[in-house]
Amino acid sequence: MMIFLSSSSLSSVSSILVMLLLVVGGFVGLSSCAFGIDVSQAVSQSDFNCMKPSLEFVVMRCYRSVGSVDPDCAGTVHAAHAASIPDVSVYIFPCFKCGNPTGQMQTMVSHMKTNNINVSMIWLDIEGPGTYWGSNQATNENFIDQLAKEGTSLGYKLGVYTSASQWIPIVGKWTGLSNLPLWYAHYNNQQNFDDFTPFGGWTKPSIKQYADGPGLCGADGADRNWRP
């Protein structure tokens, strides 16, 4: 028997199927846990609406490793707010070779204020030893320290995105930012911190990036994240 559905019925069925995929895919955890994504390209309000109600937080790139603000930052943050995503933050991927970490933070924050980009916090993306950072750990440490101090002085809550495999080659045993929340990556598709080993002075993380893409509801390259 063939059943024919109206366009409105098909729309309802599509919405239900999306929700089922999110649940089966593990995006809806226990009520005390939260699922989030981080993105480095434009995401629309309709894309965010598609991810609800499982999506609790979004982190959008707002400064790029090439040494400039991300032109998609404002639109994506505004779209997330318009979709009533509970927690929206941004991250800065600093340009070490460009120098002037204080100026980079100031440039991003100026862009945020000019474009009414309201966020809960700024994450410092520290990764890519040998590619995005120099070989002198003390110099790397000083750069990151200045970046963090400027962000704090501008009135923002900060956090650090990194992992032991990234942090240690870049700054060694430095523990100078261990007072900030840690967001670490380990792609084992597990929504827990059972795999975490202390480093950099951090003994407990705040967020785990547990899987990368594929796209979700039209948002290409959306990494999956979990927090308790």
# chains A, B, ... in the order shown; residues from 1 in each chain; ligands from 1
>>> residues_around(residues="Gln137 (chain A)", least_positions_apart="3", cutoff="8 Å", atoms="only C-alpha atoms", output="NGL selection string")
:A and (134 or 140-141 or 169-172)
>>> residues_around(residues="Val160 (chain A)", least_positions_apart="4", cutoff="7 Å", atoms="only C-alpha atoms", output="JSON, numbers by chain")
{"A": [123, 124, 125, 180, 181, 182, 183]}
>>> residues_around(residues="region 215-228 of chain A", least_positions_apart="2", cutoff="6 Å", atoms="only C-alpha atoms", output="list in words")
Cys33, Ala34, Phe35, Gly36, Ile37, Asp38, Val39, Val43, Asp47, Cys50, Gln191, Ile207, Lys208, Gln209, Tyr210, Ala211, Asp212 and Gly213 of chain A
>>> write_last_selection(atoms="N, CA, C and O atoms", output="PDB file, in the first residue's frame")
ATOM      1  N   CYS A  33      23.796  16.821  31.086  1.00  0.00           N
ATOM      2  CA  CYS A  33      24.891  16.999  30.144  1.00  0.00           C
ATOM      3  C   CYS A  33      24.429  17.871  28.985  1.00  0.00           C
ATOM      4  O   CYS A  33      23.245  18.078  28.774  1.00  0.00           O
ATOM      5  N   ALA A  34      25.410  18.377  28.217  1.00  0.00           N
ATOM      6  CA  ALA A  34      25.064  19.262  27.116  1.00  0.00           C
ATOM      7  C   ALA A  34      25.866  18.917  25.875  1.00  0.00           C
ATOM      8  O   ALA A  34      27.052  18.598  25.954  1.00  0.00           O
ATOM      9  N   PHE A  35      25.191  19.003  24.724  1.00  0.00           N
ATOM     10  CA  PHE A  35      25.824  18.785  23.432  1.00  0.00           C
ATOM     11  C   PHE A  35      26.044  20.126  22.759  1.00  0.00           C
ATOM     12  O   PHE A  35      25.190  21.011  22.799  1.00  0.00           O
ATOM     13  N   GLY A  36      27.219  20.301  22.125  1.00  0.00           N
ATOM     14  CA  GLY A  36      27.510  21.545  21.436  1.00  0.00           C
ATOM     15  C   GLY A  36      28.337  21.304  20.193  1.00  0.00           C
ATOM     16  O   GLY A  36      28.868  20.213  19.969  1.00  0.00           O
ATOM     17  N   ILE A  37      28.466  22.330  19.370  1.00  0.00           N
ATOM     18  CA  ILE A  37      29.298  22.254  18.182  1.00  0.00           C
ATOM     19  C   ILE A  37      30.236  23.457  18.139  1.00  0.00           C
ATOM     20  O   ILE A  37      29.952  24.497  18.738  1.00  0.00           O
ATOM     21  N   ASP A  38      31.358  23.293  17.462  1.00  0.00           N
ATOM     22  CA  ASP A  38      32.190  24.443  17.131  1.00  0.00           C
ATOM     23  C   ASP A  38      32.337  24.470  15.627  1.00  0.00           C
ATOM     24  O   ASP A  38      32.410  23.424  14.966  1.00  0.00           O
ATOM     25  N   VAL A  39      32.350  25.673  15.060  1.00  0.00           N
ATOM     26  CA  VAL A  39      32.370  25.839  13.609  1.00  0.00           C
ATOM     27  C   VAL A  39      33.342  26.947  13.204  1.00  0.00           C
ATOM     28  O   VAL A  39      33.634  27.853  13.988  1.00  0.00           O
ATOM     29  N   VAL A  43      27.006  29.563   9.546  1.00  0.00           N
ATOM     30  CA  VAL A  43      25.887  28.672   9.857  1.00  0.00           C
ATOM     31  C   VAL A  43      24.649  29.557   9.973  1.00  0.00           C
ATOM     32  O   VAL A  43      24.688  30.613  10.620  1.00  0.00           O
ATOM     33  N   ASP A  47      19.676  26.426  10.072  1.00  0.00           N
ATOM     34  CA  ASP A  47      20.521  25.285  10.431  1.00  0.00           C
ATOM     35  C   ASP A  47      20.495  25.059  11.934  1.00  0.00           C
ATOM     36  O   ASP A  47      20.368  23.925  12.404  1.00  0.00           O
ATOM     37  N   CYS A  50      17.286  23.592  13.116  1.00  0.00           N
ATOM     38  CA  CYS A  50      17.231  22.168  12.801  1.00  0.00           C
ATOM     39  C   CYS A  50      17.878  21.324  13.893  1.00  0.00           C
ATOM     40  O   CYS A  50      17.460  20.196  14.147  1.00  0.00           O
ATOM     41  N   GLN A 191      31.221  10.504  25.067  1.00  0.00           N
ATOM     42  CA  GLN A 191      30.819  11.703  25.793  1.00  0.00           C
ATOM     43  C   GLN A 191      31.114  11.536  27.282  1.00  0.00           C
ATOM     44  O   GLN A 191      30.216  11.402  28.119  1.00  0.00           O
ATOM     45  N   ILE A 207      35.137  20.965  28.828  1.00  0.00           N
ATOM     46  CA  ILE A 207      34.471  20.519  27.604  1.00  0.00           C
ATOM     47  C   ILE A 207      35.370  19.526  26.885  1.00  0.00           C
ATOM     48  O   ILE A 207      36.597  19.634  26.937  1.00  0.00           O
ATOM     49  N   LYS A 208      34.747  18.579  26.211  1.00  0.00           N
ATOM     50  CA  LYS A 208      35.498  17.636  25.384  1.00  0.00           C
ATOM     51  C   LYS A 208      34.979  17.684  23.948  1.00  0.00           C
ATOM     52  O   LYS A 208      33.775  17.572  23.704  1.00  0.00           O
ATOM     53  N   GLN A 209      35.897  17.847  23.013  1.00  0.00           N
ATOM     54  CA  GLN A 209      35.572  17.730  21.593  1.00  0.00           C
ATOM     55  C   GLN A 209      35.806  16.261  21.225  1.00  0.00           C
ATOM     56  O   GLN A 209      36.938  15.813  21.130  1.00  0.00           O
ATOM     57  N   TYR A 210      34.717  15.519  21.054  1.00  0.00           N
ATOM     58  CA  TYR A 210      34.839  14.064  20.942  1.00  0.00           C
ATOM     59  C   TYR A 210      34.731  13.524  19.521  1.00  0.00           C
ATOM     60  O   TYR A 210      34.986  12.340  19.279  1.00  0.00           O
ATOM     61  N   ALA A 211      34.373  14.377  18.560  1.00  0.00           N
ATOM     62  CA  ALA A 211      34.278  13.920  17.164  1.00  0.00           C
ATOM     63  C   ALA A 211      34.277  15.121  16.235  1.00  0.00           C
ATOM     64  O   ALA A 211      33.790  16.199  16.597  1.00  0.00           O
ATOM     65  N   ASP A 212      34.835  14.929  15.030  1.00  0.00           N
ATOM     66  CA  ASP A 212      34.745  15.973  14.023  1.00  0.00           C
ATOM     67  C   ASP A 212      33.602  15.646  13.082  1.00  0.00           C
ATOM     68  O   ASP A 212      32.922  14.650  13.266  1.00  0.00           O
ATOM     69  N   GLY A 213      33.358  16.435  12.057  1.00  0.00           N
ATOM     70  CA  GLY A 213      32.283  16.289  11.098  1.00  0.00           C
ATOM     71  C   GLY A 213      31.703  14.862  11.030  1.00  0.00           C
ATOM     72  O   GLY A 213      31.975  14.051  11.889  1.00  0.00           O
TER      73      GLY A 213
END
>>> residues_around(residues="Tyr184 (chain A)", least_positions_apart="6", cutoff="6 Å", atoms="only C-alpha atoms", output="list in words")
Tyr161, Thr162, Ser163 and Lys208 of chain A
>>> write_last_selection(atoms="N, CA and C atoms", output="mmCIF file, in the first residue's frame")
data_model
loop_
_atom_site.group_PDB
_atom_site.id
_atom_site.type_symbol
_atom_site.label_atom_id
_atom_site.label_comp_id
_atom_site.auth_asym_id
_atom_site.auth_seq_id
_atom_site.Cartn_x
_atom_site.Cartn_y
_atom_site.Cartn_z
ATOM 1 N N TYR A 161 41.402 26.131 24.467
ATOM 2 C CA TYR A 161 41.175 24.921 23.678
ATOM 3 C C TYR A 161 42.541 24.359 23.306
ATOM 4 N N THR A 162 42.852 23.166 23.775
ATOM 5 C CA THR A 162 44.118 22.518 23.459
ATOM 6 C C THR A 162 44.067 21.080 23.945
ATOM 7 N N SER A 163 45.141 20.352 23.706
ATOM 8 C CA SER A 163 45.288 18.984 24.198
ATOM 9 C C SER A 163 46.740 18.792 24.594
ATOM 10 N N LYS A 208 34.747 18.579 26.211
ATOM 11 C CA LYS A 208 35.498 17.636 25.384
ATOM 12 C C LYS A 208 34.979 17.684 23.948
#
>>> residues_around(residues="region 74-84 of chain A", least_positions_apart="5", cutoff="9 Å", atoms="only C-alpha atoms", output="ChimeraX atom specification")
/A:41-49,52,58-60,62,89-90,111-112,115-119
>>> write_last_selection(atoms="N, CA and C atoms", output="PDB file, in the first residue's frame")
ATOM      1  N   GLN A  41      32.921  28.261   9.876  1.00  0.00           N
ATOM      2  CA  GLN A  41      32.305  28.823   8.683  1.00  0.00           C
ATOM      3  C   GLN A  41      30.867  29.195   8.987  1.00  0.00           C
ATOM      4  N   ALA A  42      30.241  29.888   8.066  1.00  0.00           N
ATOM      5  CA  ALA A  42      28.901  30.414   8.306  1.00  0.00           C
ATOM      6  C   ALA A  42      27.872  29.313   8.562  1.00  0.00           C
ATOM      7  N   VAL A  43      27.006  29.563   9.546  1.00  0.00           N
ATOM      8  CA  VAL A  43      25.887  28.672   9.857  1.00  0.00           C
ATOM      9  C   VAL A  43      24.649  29.557   9.973  1.00  0.00           C
ATOM     10  N   SER A  44      23.570  29.146   9.370  1.00  0.00           N
ATOM     11  CA  SER A  44      22.355  29.965   9.343  1.00  0.00           C
ATOM     12  C   SER A  44      21.434  29.679  10.527  1.00  0.00           C
ATOM     13  N   GLN A  45      20.478  30.564  10.731  1.00  0.00           N
ATOM     14  CA  GLN A  45      19.490  30.364  11.791  1.00  0.00           C
ATOM     15  C   GLN A  45      18.681  29.097  11.542  1.00  0.00           C
ATOM     16  N   SER A  46      18.346  28.848  10.287  1.00  0.00           N
ATOM     17  CA  SER A  46      17.559  27.642   9.975  1.00  0.00           C
ATOM     18  C   SER A  46      18.359  26.383  10.292  1.00  0.00           C
ATOM     19  N   ASP A  47      19.676  26.426  10.072  1.00  0.00           N
ATOM     20  CA  ASP A  47      20.521  25.285  10.431  1.00  0.00           C
ATOM     21  C   ASP A  47      20.495  25.059  11.934  1.00  0.00           C
ATOM     22  N   PHE A  48      20.625  26.142  12.687  1.00  0.00           N
ATOM     23  CA  PHE A  48      20.593  26.022  14.145  1.00  0.00           C
ATOM     24  C   PHE A  48      19.219  25.534  14.627  1.00  0.00           C
ATOM     25  N   ASN A  49      18.170  26.037  14.016  1.00  0.00           N
ATOM     26  CA  ASN A  49      16.818  25.593  14.393  1.00  0.00           C
ATOM     27  C   ASN A  49      16.659  24.092  14.166  1.00  0.00           C
ATOM     28  N   LYS A  52      17.981  22.042  17.116  1.00  0.00           N
ATOM     29  CA  LYS A  52      17.306  22.136  18.402  1.00  0.00           C
ATOM     30  C   LYS A  52      16.371  20.948  18.586  1.00  0.00           C
ATOM     31  N   VAL A  58      27.295  26.703  21.297  1.00  0.00           N
ATOM     32  CA  VAL A  58      27.967  26.888  20.017  1.00  0.00           C
ATOM     33  C   VAL A  58      29.225  27.714  20.244  1.00  0.00           C
ATOM     34  N   VAL A  59      30.326  27.308  19.603  1.00  0.00           N
ATOM     35  CA  VAL A  59      31.563  28.089  19.638  1.00  0.00           C
ATOM     36  C   VAL A  59      31.937  28.406  18.191  1.00  0.00           C
ATOM     37  N   MET A  60      32.010  29.687  17.862  1.00  0.00           N
ATOM     38  CA  MET A  60      32.295  30.124  16.496  1.00  0.00           C
ATOM     39  C   MET A  60      33.675  30.777  16.423  1.00  0.00           C
ATOM     40  N   CYS A  62      36.254  33.481  15.524  1.00  0.00           N
ATOM     41  CA  CYS A  62      36.092  34.912  15.262  1.00  0.00           C
ATOM     42  C   CYS A  62      37.409  35.568  14.853  1.00  0.00           C
ATOM     43  N   SER A  89      29.626  31.228  22.310  1.00  0.00           N
ATOM     44  CA  SER A  89      30.946  31.798  22.570  1.00  0.00           C
ATOM     45  C   SER A  89      31.756  31.804  21.281  1.00  0.00           C
ATOM     46  N   VAL A  90      32.952  32.380  21.319  1.00  0.00           N
ATOM     47  CA  VAL A  90      33.802  32.433  20.147  1.00  0.00           C
ATOM     48  C   VAL A  90      35.206  31.967  20.511  1.00  0.00           C
ATOM     49  N   HIS A 111      36.109  44.267  16.614  1.00  0.00           N
ATOM     50  CA  HIS A 111      35.176  43.740  15.613  1.00  0.00           C
ATOM     51  C   HIS A 111      33.901  43.236  16.284  1.00  0.00           C
ATOM     52  N   MET A 112      34.052  42.570  17.413  1.00  0.00           N
ATOM     53  CA  MET A 112      32.901  42.048  18.133  1.00  0.00           C
ATOM     54  C   MET A 112      32.000  43.171  18.629  1.00  0.00           C
ATOM     55  N   ASN A 115      30.147  44.986  15.767  1.00  0.00           N
ATOM     56  CA  ASN A 115      29.091  44.177  15.146  1.00  0.00           C
ATOM     57  C   ASN A 115      28.128  43.542  16.155  1.00  0.00           C
ATOM     58  N   ASN A 116      28.158  44.049  17.389  1.00  0.00           N
ATOM     59  CA  ASN A 116      27.244  43.561  18.434  1.00  0.00           C
ATOM     60  C   ASN A 116      27.299  42.043  18.589  1.00  0.00           C
ATOM     61  N   ILE A 117      28.517  41.522  18.638  1.00  0.00           N
ATOM     62  CA  ILE A 117      28.717  40.089  18.826  1.00  0.00           C
ATOM     63  C   ILE A 117      28.807  39.819  20.323  1.00  0.00           C
ATOM     64  N   ASN A 118      27.700  39.391  20.899  1.00  0.00           N
ATOM     65  CA  ASN A 118      27.622  39.151  22.341  1.00  0.00           C
ATOM     66  C   ASN A 118      27.829  37.671  22.637  1.00  0.00           C
ATOM     67  N   VAL A 119      28.812  37.368  23.473  1.00  0.00           N
ATOM     68  CA  VAL A 119      29.161  35.977  23.749  1.00  0.00           C
ATOM     69  C   VAL A 119      29.407  35.762  25.241  1.00  0.00           C
TER      70      VAL A 119
END
>>> closest_residue(among="A:Ser65, A:Cys73, A:Leu177, A:Tyr91", to="Thr131 (chain A)", atoms="only C-alpha atoms")
A:Ser65
>>> closest_residue(among="A:Phe93, A:Tyr156, A:Trp167, A:Tyr132", to="Pro198 (chain A)", atoms="only C-alpha atoms")
A:Trp167
>>> select_by_dssp(residues="region 111-188 of chain A", states="strand (DSSP E or B)", output="list in words")
Ile122, Trp123, Leu124, Asp125, Leu158, Gly159, Val160, Tyr161, Leu182, Trp183, Tyr184 and Ala185 of chain A
>>> select_by_dssp(residues="region 9-214 of chain A", states="alpha helix (DSSP H)", output="MDAnalysis selection string")
chainID A and resid 9:24 45:51 73:82 101:114 137:153 164:171
